[in-house]
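The structure file protein.cif is reproduced below (mmCIF, C-alpha atoms).
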data_target
loop_
_atom_site.group_PDB
_atom_site.id
_atom_site.type_symbol
_atom_site.label_atom_id
_atom_site.label_comp_id
_atom_site.auth_asym_id
_atom_site.auth_seq_id
_atom_site.Cartn_x
_atom_site.Cartn_y
_atom_site.Cartn_z
ATOM 1 C CA ILE G 1 39.799 79.476 43.145
ATOM 2 C CA GLY G 2 41.692 76.203 42.735
ATOM 3 C CA TRP G 3 38.716 74.097 43.764
ATOM 4 C CA SER G 4 36.377 76.110 41.547
ATOM 5 C CA LEU G 5 38.615 75.602 38.504
ATOM 6 C CA HIS G 6 39.000 71.905 39.319
ATOM 7 C CA ASP G 7 35.224 71.428 39.473
ATOM 8 C CA HIS G 8 34.539 73.627 36.453
ATOM 9 C CA THR G 9 36.815 71.489 34.234
ATOM 10 C CA TYR G 10 35.762 68.150 35.782
ATOM 11 C CA GLY G 11 39.223 67.577 37.259
ATOM 12 C CA ILE G 12 41.205 68.050 34.044
ATOM 13 C CA THR G 13 43.092 71.170 35.165
ATOM 14 C CA SER G 14 44.198 69.332 38.325
ATOM 15 C CA ASP G 15 45.508 66.306 36.435
ATOM 16 C CA PRO G 16 48.867 66.765 34.643
ATOM 17 C CA MET G 17 48.772 63.245 33.179
ATOM 18 C CA THR G 18 45.464 63.925 31.451
ATOM 19 C CA GLN G 19 46.746 67.212 30.069
ATOM 20 C CA PHE G 20 49.956 65.634 28.771
ATOM 21 C CA SER G 21 48.064 62.683 27.271
ATOM 22 C CA VAL G 22 45.824 64.987 25.262
ATOM 23 C CA ILE G 23 48.804 66.989 23.982
ATOM 24 C CA LEU G 24 50.647 63.812 22.996
ATOM 25 C CA ALA G 25 47.526 62.433 21.301
ATOM 26 C CA ALA G 26 47.203 65.626 19.268
ATOM 27 C CA LEU G 27 50.818 65.275 18.139
ATOM 28 C CA VAL G 28 50.578 61.644 17.038
ATOM 29 C CA HIS G 29 46.957 61.171 15.962
ATOM 30 C CA ASP G 30 47.774 61.206 12.223
ATOM 31 C CA LEU G 31 51.104 59.393 12.476
ATOM 32 C CA ASP G 32 51.812 57.339 9.326
ATOM 33 C CA HIS G 33 48.560 58.458 7.700
ATOM 34 C CA LEU G 34 48.342 56.886 4.243
ATOM 35 C CA GLY G 35 46.440 59.700 2.573
ATOM 36 C CA VAL G 36 43.192 57.769 2.184
ATOM 37 C CA SER G 37 40.193 57.119 4.395
ATOM 38 C CA ASN G 38 39.555 54.105 6.592
ATOM 39 C CA PHE G 39 36.764 53.179 4.180
ATOM 40 C CA GLN G 40 39.272 53.042 1.327
ATOM 41 C CA LEU G 41 41.747 50.943 3.315
ATOM 42 C CA ILE G 42 38.975 48.460 4.085
ATOM 43 C CA LYS G 43 37.816 48.468 0.459
ATOM 44 C CA GLU G 44 41.364 47.743 -0.722
ATOM 45 C CA ASP G 45 41.653 44.896 1.770
ATOM 46 C CA HIS G 46 44.754 46.653 3.086
ATOM 47 C CA LYS G 47 46.908 44.754 5.566
ATOM 48 C CA LEU G 48 46.196 47.351 8.240
ATOM 49 C CA ALA G 49 42.471 46.740 7.841
ATOM 50 C CA HIS G 50 43.137 43.069 8.599
ATOM 51 C CA ILE G 51 45.323 43.854 11.590
ATOM 52 C CA PHE G 52 42.754 46.186 13.150
ATOM 53 C CA ARG G 53 39.675 44.248 11.987
ATOM 54 C CA ASP G 54 38.222 47.111 9.952
ATOM 55 C CA LYS G 55 37.817 49.261 13.066
ATOM 56 C CA SER G 56 39.368 52.765 13.292
ATOM 57 C CA VAL G 57 42.186 51.488 11.078
ATOM 58 C CA ALA G 58 44.284 54.635 10.652
ATOM 59 C CA GLU G 59 43.766 55.747 14.234
ATOM 60 C CA GLN G 60 44.778 52.411 15.734
ATOM 61 C CA ASN G 61 47.829 52.292 13.479
ATOM 62 C CA SER G 62 48.914 55.725 14.730
ATOM 63 C CA ILE G 63 48.441 54.647 18.344
ATOM 64 C CA VAL G 64 50.493 51.479 17.925
ATOM 65 C CA LEU G 65 53.367 53.216 16.126
ATOM 66 C CA ALA G 66 53.469 56.074 18.633
ATOM 67 C CA TRP G 67 53.332 53.710 21.594
ATOM 68 C CA ASP G 68 56.070 51.480 20.188
ATOM 69 C CA THR G 69 58.266 54.534 19.690
ATOM 70 C CA LEU G 70 57.641 55.792 23.203
ATOM 71 C CA MET G 71 58.504 52.353 24.615
ATOM 72 C CA HIS G 72 61.943 52.378 22.966
ATOM 73 C CA PRO G 73 64.801 52.084 25.502
ATOM 74 C CA ARG G 74 66.141 55.524 24.592
ATOM 75 C CA PHE G 75 63.024 57.071 26.127
ATOM 76 C CA PHE G 76 63.347 55.235 29.442
ATOM 77 C CA ASP G 77 64.133 58.362 31.485
ATOM 78 C CA PHE G 78 61.377 60.277 29.743
ATOM 79 C CA ARG G 79 58.824 57.575 30.551
ATOM 80 C CA ARG G 80 59.789 57.708 34.231
ATOM 81 C CA THR G 81 58.594 61.325 34.315
ATOM 82 C CA ILE G 82 55.156 60.276 32.965
ATOM 83 C CA TYR G 83 54.273 57.290 35.162
ATOM 84 C CA ALA G 84 55.786 55.409 38.080
ATOM 85 C CA THR G 85 53.438 52.457 38.676
ATOM 86 C CA PRO G 86 51.660 49.836 36.521
ATOM 87 C CA PHE G 87 48.337 51.549 37.283
ATOM 88 C CA GLU G 88 49.658 54.901 36.066
ATOM 89 C CA LEU G 89 51.068 53.242 32.942
ATOM 90 C CA GLU G 90 47.709 51.636 32.114
ATOM 91 C CA ARG G 91 45.826 54.853 32.797
ATOM 92 C CA PHE G 92 48.220 56.871 30.624
ATOM 93 C CA ARG G 93 47.871 54.399 27.771
ATOM 94 C CA GLN G 94 44.084 54.450 28.008
ATOM 95 C CA LEU G 95 43.977 58.233 28.040
ATOM 96 C CA MET G 96 46.223 58.576 24.987
ATOM 97 C CA ALA G 97 44.590 55.760 22.998
ATOM 98 C CA ASN G 98 41.006 56.844 23.656
ATOM 99 C CA THR G 99 41.843 60.434 22.790
ATOM 100 C CA VAL G 100 43.340 59.449 19.430
ATOM 101 C CA LEU G 101 40.371 57.166 18.691
ATOM 102 C CA ALA G 102 38.050 60.153 19.176
ATOM 103 C CA THR G 103 39.339 61.555 15.875
ATOM 104 C CA ASP G 104 37.686 58.719 13.924
ATOM 105 C CA ILE G 105 34.605 60.580 12.746
ATOM 106 C CA PHE G 106 32.702 57.857 10.882
ATOM 107 C CA ASP G 107 32.032 55.056 13.361
ATOM 108 C CA LYS G 108 28.235 54.922 13.421
ATOM 109 C CA GLN G 109 28.021 52.549 16.362
ATOM 110 C CA LEU G 110 30.059 54.862 18.553
ATOM 111 C CA GLN G 111 28.183 57.853 17.173
ATOM 112 C CA THR G 112 25.036 56.657 18.903
ATOM 113 C CA LEU G 113 26.888 56.085 22.172
ATOM 114 C CA ARG G 114 28.303 59.562 21.966
ATOM 115 C CA ARG G 115 24.937 61.212 21.453
ATOM 116 C CA ASN G 116 23.497 59.303 24.378
ATOM 117 C CA ARG G 117 26.397 60.220 26.621
ATOM 118 C CA TRP G 118 26.151 63.903 25.737
ATOM 119 C CA GLU G 119 22.417 63.890 26.462
ATOM 120 C CA MET G 120 23.002 62.175 29.782
ATOM 121 C CA SER G 121 25.815 64.504 30.820
ATOM 122 C CA PHE G 122 24.931 67.975 29.552
ATOM 123 C CA ASN G 123 21.216 67.934 28.731
ATOM 124 C CA GLY G 124 20.125 66.403 32.026
ATOM 125 C CA PRO G 125 18.157 68.288 34.675
ATOM 126 C CA ASN G 126 20.927 68.685 37.230
ATOM 127 C CA PRO G 127 24.210 70.641 36.892
ATOM 128 C CA ILE G 128 27.466 69.292 38.308
ATOM 129 C CA THR G 129 27.804 69.569 42.077
ATOM 130 C CA ARG G 130 30.526 68.742 44.579
ATOM 131 C CA GLU G 131 28.512 65.666 45.527
ATOM 132 C CA GLU G 132 28.156 64.434 41.947
ATOM 133 C CA THR G 133 29.307 60.844 41.507
ATOM 134 C CA LYS G 134 32.804 60.136 40.300
ATOM 135 C CA GLU G 135 31.340 58.223 37.370
ATOM 136 C CA ASN G 136 29.407 61.277 36.192
ATOM 137 C CA VAL G 137 32.414 63.569 36.570
ATOM 138 C CA ASN G 138 34.597 61.163 34.598
ATOM 139 C CA ARG G 139 31.947 60.904 31.907
ATOM 140 C CA LYS G 140 31.885 64.680 31.528
ATOM 141 C CA ALA G 141 35.681 64.864 31.536
ATOM 142 C CA THR G 142 35.731 62.232 28.788
ATOM 143 C CA ILE G 143 33.363 64.276 26.650
ATOM 144 C CA VAL G 144 35.388 67.454 27.176
ATOM 145 C CA ILE G 145 38.609 65.682 26.167
ATOM 146 C CA GLU G 146 36.882 64.131 23.174
ATOM 147 C CA HIS G 147 35.599 67.489 21.950
ATOM 148 C CA LEU G 148 38.958 69.111 22.594
ATOM 149 C CA ILE G 149 40.832 66.650 20.366
ATOM 150 C CA GLN G 150 38.098 66.818 17.726
ATOM 151 C CA ALA G 151 38.375 70.603 17.636
ATOM 152 C CA SER G 152 42.164 70.308 17.430
ATOM 153 C CA ASP G 153 41.775 67.951 14.474
ATOM 154 C CA VAL G 154 39.838 70.576 12.497
ATOM 155 C CA ALA G 155 41.275 73.680 14.167
ATOM 156 C CA HIS G 156 41.861 75.400 10.828
ATOM 157 C CA THR G 157 38.096 75.815 10.427
ATOM 158 C CA MET G 158 37.935 77.823 13.662
ATOM 159 C CA GLN G 159 40.801 80.193 12.882
ATOM 160 C CA HIS G 160 41.368 83.070 10.460
ATOM 161 C CA TRP G 161 40.137 82.661 6.870
ATOM 162 C CA HIS G 162 43.705 82.512 5.527
ATOM 163 C CA ILE G 163 44.564 79.662 7.895
ATOM 164 C CA TYR G 164 41.417 77.834 6.878
ATOM 165 C CA ARG G 165 42.221 78.252 3.166
ATOM 166 C CA LYS G 166 45.790 76.995 3.652
ATOM 167 C CA TRP G 167 44.785 73.705 5.247
ATOM 168 C CA ASN G 168 41.721 73.288 3.061
ATOM 169 C CA GLU G 169 44.032 73.421 0.046
ATOM 170 C CA ARG G 170 46.386 70.849 1.551
ATOM 171 C CA LEU G 171 43.541 68.438 2.147
ATOM 172 C CA PHE G 172 42.319 68.971 -1.421
ATOM 173 C CA HIS G 173 45.804 68.210 -2.706
ATOM 174 C CA GLU G 174 46.014 65.028 -0.639
ATOM 175 C CA MET G 175 42.692 63.841 -1.999
ATOM 176 C CA THR G 176 43.569 64.640 -5.616
ATOM 177 C CA VAL G 177 46.721 62.548 -5.218
ATOM 178 C CA ALA G 178 44.560 59.660 -4.020
ATOM 179 C CA TYR G 179 42.091 60.234 -6.866
ATOM 180 C CA LYS G 180 44.801 60.218 -9.546
ATOM 181 C CA ALA G 181 46.249 57.054 -8.029
ATOM 182 C CA GLY G 182 42.895 55.314 -8.337
ATOM 183 C CA ARG G 183 42.422 55.226 -4.563
ATOM 184 C CA MET G 184 39.412 57.523 -4.500
ATOM 185 C CA GLU G 185 36.305 56.847 -6.547
ATOM 186 C CA ASN G 186 35.091 60.395 -7.193
ATOM 187 C CA ASN G 187 36.886 63.531 -8.319
ATOM 188 C CA PRO G 188 37.124 65.606 -5.095
ATOM 189 C CA ALA G 189 36.505 68.878 -6.956
ATOM 190 C CA VAL G 190 32.950 67.889 -7.838
ATOM 191 C CA MET G 191 31.641 68.062 -4.275
ATOM 192 C CA TRP G 192 34.303 70.233 -2.673
ATOM 193 C CA TYR G 193 32.309 73.466 -2.529
ATOM 194 C CA LYS G 194 29.009 71.990 -1.296
ATOM 195 C CA GLY G 195 30.814 69.420 0.819
ATOM 196 C CA GLU G 196 32.508 72.159 2.837
ATOM 197 C CA LEU G 197 29.179 73.893 3.428
ATOM 198 C CA GLY G 198 27.804 70.592 4.704
ATOM 199 C CA PHE G 199 30.910 70.102 6.837
ATOM 200 C CA PHE G 200 30.393 73.480 8.511
ATOM 201 C CA ASP G 201 26.650 73.026 8.982
ATOM 202 C CA ASN G 202 26.643 69.415 10.157
ATOM 203 C CA TYR G 203 29.904 69.116 12.054
ATOM 204 C CA ILE G 204 32.083 72.207 12.600
ATOM 205 C CA ILE G 205 29.483 74.670 13.863
ATOM 206 C CA PRO G 206 27.687 72.081 16.054
ATOM 207 C CA LEU G 207 31.102 71.102 17.482
ATOM 208 C CA ALA G 208 31.958 74.725 18.232
ATOM 209 C CA LYS G 209 28.591 75.134 19.961
ATOM 210 C CA LYS G 210 29.237 72.074 22.112
ATOM 211 C CA LEU G 211 32.611 73.493 23.145
ATOM 212 C CA LYS G 212 30.627 76.431 24.468
ATOM 213 C CA GLU G 213 27.854 74.339 26.017
ATOM 214 C CA CYS G 214 30.174 72.121 28.041
ATOM 215 C CA GLY G 215 31.292 75.267 29.864
ATOM 216 C CA VAL G 216 35.010 74.499 30.130
ATOM 217 C CA PHE G 217 36.618 76.779 27.548
ATOM 218 C CA GLY G 218 35.279 80.144 28.669
ATOM 219 C CA VAL G 219 35.421 83.062 26.222
ATOM 220 C CA ALA G 220 37.667 81.051 23.891
ATOM 221 C CA SER G 221 34.639 79.004 22.834
ATOM 222 C CA ASP G 222 32.980 82.202 21.575
ATOM 223 C CA GLU G 223 36.050 82.867 19.442
ATOM 224 C CA TYR G 224 35.967 79.344 17.966
ATOM 225 C CA LEU G 225 32.284 79.640 17.098
ATOM 226 C CA ASN G 226 32.645 83.119 15.621
ATOM 227 C CA TYR G 227 35.546 82.048 13.393
ATOM 228 C CA ALA G 228 33.665 78.932 12.274
ATOM 229 C CA MET G 229 30.581 80.928 11.309
ATOM 230 C CA GLU G 230 32.626 83.615 9.587
ATOM 231 C CA ASN G 231 34.615 81.036 7.586
ATOM 232 C CA ARG G 232 31.360 79.375 6.599
ATOM 233 C CA ARG G 233 30.055 82.744 5.360
ATOM 234 C CA GLU G 234 33.242 83.477 3.409
ATOM 235 C CA TRP G 235 33.279 79.979 1.927
ATOM 236 C CA GLU G 236 29.731 80.385 0.687
ATOM 237 C CA GLU G 237 30.760 83.656 -0.948
ATOM 238 C CA LYS G 238 34.261 82.793 -2.208
ATOM 239 C CA GLY G 239 34.440 79.012 -2.173
ATOM 240 C CA GLU G 240 33.504 78.324 -5.784
ATOM 241 C CA ALA G 241 36.229 80.648 -7.047
ATOM 242 C CA PHE G 242 38.709 79.044 -4.660
ATOM 243 C CA VAL G 243 37.808 75.556 -5.905
ATOM 244 C CA GLU G 244 38.474 76.751 -9.455
ATOM 245 C CA GLU G 245 41.943 77.848 -8.313
ATOM 246 C CA LEU G 246 42.540 74.425 -6.790
ATOM 247 C CA VAL G 247 41.398 72.668 -9.964
ATOM 248 C CA GLN G 248 43.767 74.803 -12.019
ATOM 249 C CA LYS G 249 46.638 74.036 -9.672
ATOM 250 C CA TYR G 250 46.148 70.334 -8.926
ATOM 251 C CA LEU G 251 43.919 69.009 -11.691
ATOM 252 C CA LYS G 252 45.162 71.098 -14.588
ATOM 253 C CA GLU G 253 45.405 68.187 -17.008
ATOM 254 C CA ASP G 254 41.852 67.148 -16.107
ATOM 255 C CA ARG G 255 40.481 70.681 -15.861
ATOM 256 C CA GLU G 256 38.006 70.480 -18.736
ATOM 257 C CA ASP G 257 36.471 67.211 -17.588
ATOM 258 C CA THR G 258 36.463 68.388 -13.972
ATOM 259 C CA ASN G 259 34.677 71.625 -14.824
ATOM 260 C CA LYS G 260 32.059 69.681 -16.757
ATOM 261 C CA LEU G 261 31.462 67.418 -13.763
ATOM 262 C CA VAL G 262 31.214 70.372 -11.386
ATOM 263 C CA GLU G 263 28.772 72.178 -13.677
ATOM 264 C CA SER G 264 26.702 69.041 -14.170
ATOM 265 C CA HIS G 265 26.469 68.553 -10.414
ATOM 266 C CA ARG G 266 25.494 72.197 -9.943
ATOM 267 C CA ARG G 267 22.609 71.828 -12.378
ATOM 268 C CA ASN G 268 21.490 68.428 -11.149
ATOM 269 C CA PRO G 269 22.610 68.158 -7.522
ATOM 270 C CA LYS G 270 22.201 64.830 -5.835
ATOM 271 C CA ARG G 271 20.912 64.759 -2.305
ATOM 272 C CA MET G 272 23.885 65.058 0.005
ATOM 273 C CA SER G 273 24.150 62.534 2.784
ATOM 274 C CA LEU G 274 27.040 63.670 4.925
ATOM 275 C CA ASP G 275 27.615 62.193 8.347
ATOM 276 C CA PHE G 276 30.210 64.112 10.305
ATOM 277 C CA SER G 277 29.382 62.708 13.728
ATOM 278 C CA LYS G 278 32.252 61.549 15.865
ATOM 279 C CA PRO G 279 32.488 58.263 17.732
ATOM 280 C CA HIS G 280 32.347 58.000 21.483
ATOM 281 C CA PHE G 281 34.669 56.316 23.905
ATOM 282 C CA GLN G 282 33.485 52.926 25.038
ATOM 283 C CA ASN G 283 34.692 53.602 28.570
ATOM 284 C CA ASN G 284 34.980 56.728 30.673
ATOM 285 C CA LEU G 285 38.486 58.091 31.079
ATOM 286 C CA ARG G 286 39.857 57.966 34.593
ATOM 287 C CA VAL G 287 40.504 61.599 35.509
ATOM 288 C CA GLN G 288 42.409 62.000 38.735
ATOM 289 C CA SER G 289 40.107 62.939 41.597
ATOM 290 C CA PHE G 290 41.307 65.188 44.387
ATOM 291 C CA GLY G 291 39.426 65.038 47.640
#
For the structure just supplied, provide its representation as structure tokens.
Amino acid sequence: IGWSLHDHTYGITSDPMTQFSVILAALVHDLDHLGVSNFQLIKEDHKLAHIFRDKSVAEQNSIVLAWDTLMHPRFFDFRRTIYATPFELERFRQLMANTVLATDIFDKQLQTLRRNRWEMSFNGPNPITREETKENVNRKATIVIEHLIQASDVAHTMQHWHIYRKWNERLFHEMTVAYKAGRMENNPAVMWYKGELGFFDNYIIPLAKKLKECGVFGVASDEYLNYAMENRREWEEKGEAFVEELVQKYLKEDREDTNKLVESHRRNPKRMSLDFSKPHFQNNLRVQSFG
């Protein structure tokens, strides 16, 4: 049973460091988030955009701050439980950093790499075997980890409707704060209803299907997909009324103008061009191999 589980999850269940790295990445991936997108930080010529050369700005900032905190002397004993050699330290850092970087959903260059890697790993003619090369196993493990952190990042969309509404509202609030501060060009309410439908159709539901296709998550993947599809259905039915509630709550002083914009967009919708593809790791993660 142990060997079967090890093979079925491409070594992840047999590798405590990988498991811990993913958990830690999930905890810190939005550390010090500034409430605006990477695109906005680059547009503003923000200092972080300079530091990270306009590449995964928020994600790299979170990695650096989390790593600096972990390296503080007060965590010396804790670090000794994670790694014991320079190789283990480097591997741990790569695992955590690459996992956090997977939550940057708008890097088009890495998007292409990701599609190619998925096609190579899960749409190829041959299933995984005991004799499969270590490179192929690591590639598949990388993809599983990537999809796991991506699902964690939008987990509210794959849970009960009330959970989805709660976190959808919080994101709307964050974006209205940015809009009122002049750090977001368009009123978020205008595209919120149709944008969520596009988000489900072009990113959430395909992601849930890939969780199922990679074969690691068992019956849980059916639950994620079912919740995603049900939330999409409820949003289509109830979303416009919910957006009106959000406008009343967070854009009350701009309600009349906002409603006019929403109605105008409904009558004359522009073609939506939403790209919710995630980037891919540039290197395979090194998942511990046993035997």
### Task
Pull out every residue that the PyMOL selection byres ((chain G and resi 240) around 12) matches in the shown coordinates and put them as a ChimeraX atom specification.
/G:189-197,234-239,241-247,259,262-263,266
### Task
May I ask for the distance between atom CA of Ala97 of chain G and atom CA of Ser14 of chain G, given in Å to one decimal place?
20.5 Å
### Message
Counting only C-alpha atoms, find residues at most 12 Å from (46.9, 60.2, -14.3) (file frame) and give them as an NGL selection string.
### Response
:G and (176-183 or 250-254)
### Query
Just so the selection is clear, what residues does the PyMOL selection byres ((chain G and resi 24-32) around 8) cover here, as a list of chain:residue names?
G:Phe20, G:Ser21, G:Val22, G:Ile23, G:His33, G:Leu34, G:Ala58, G:Glu59, G:Asn61, G:Ser62, G:Ile63, G:Leu65, G:Ala66, G:Met96, G:Ala97, G:Thr99, G:Val100, G:Thr103, G:Ile149, G:Ser152, G:Asp153
### Task
Could you check how far atom CA of Val57 of chain G sits from atom CA of Asn38 of chain G, in Å to one decimal?
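Taking atom CA of Val57 of chain G and atom CA of Asn38 of chain G, their separation equals 5.8 Å.
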Once 4 Å is added on each side, what are the centre and the three edge lengths, in Å to one decimal, of the axis-aligned box enclosing the listed atoms of segment 151-165 of chain G? Present them as AutoDock Vina command-line options.
--center_x 41.2 --center_y 75.5 --center_z 10.4 --size_x 14.6 --size_y 23.1 --size_z 22.5
### Task
Using all atoms listed in the file, find all polymer residues with an atom at most 12 Å away from the point (41.2, 82.2, 9.6); report them as a ChimeraX atom specification.
/G:155-168,223-235
### Query
So how far away is atom CA of Pro206 of chain G from atom CA of Asp15 of chain G, in Å?
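A separation of 27.7 Å between them.
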### Message
Which residue is closest to Phe39 of chain G? Choose from G:Pro86, G:Thr18, G:Asp107, G:Pro73 and count all atoms listed in the file.
### Response
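Smallest distance to Phe39 of chain G is found for G:Asp107.
Proximity to Trp118 of chain G was assessed for G:His46, G:Glu88, G:Ala141, G:Ile204 counting all atoms listed in the file; the smallest distance is recorded for G:Ala141.
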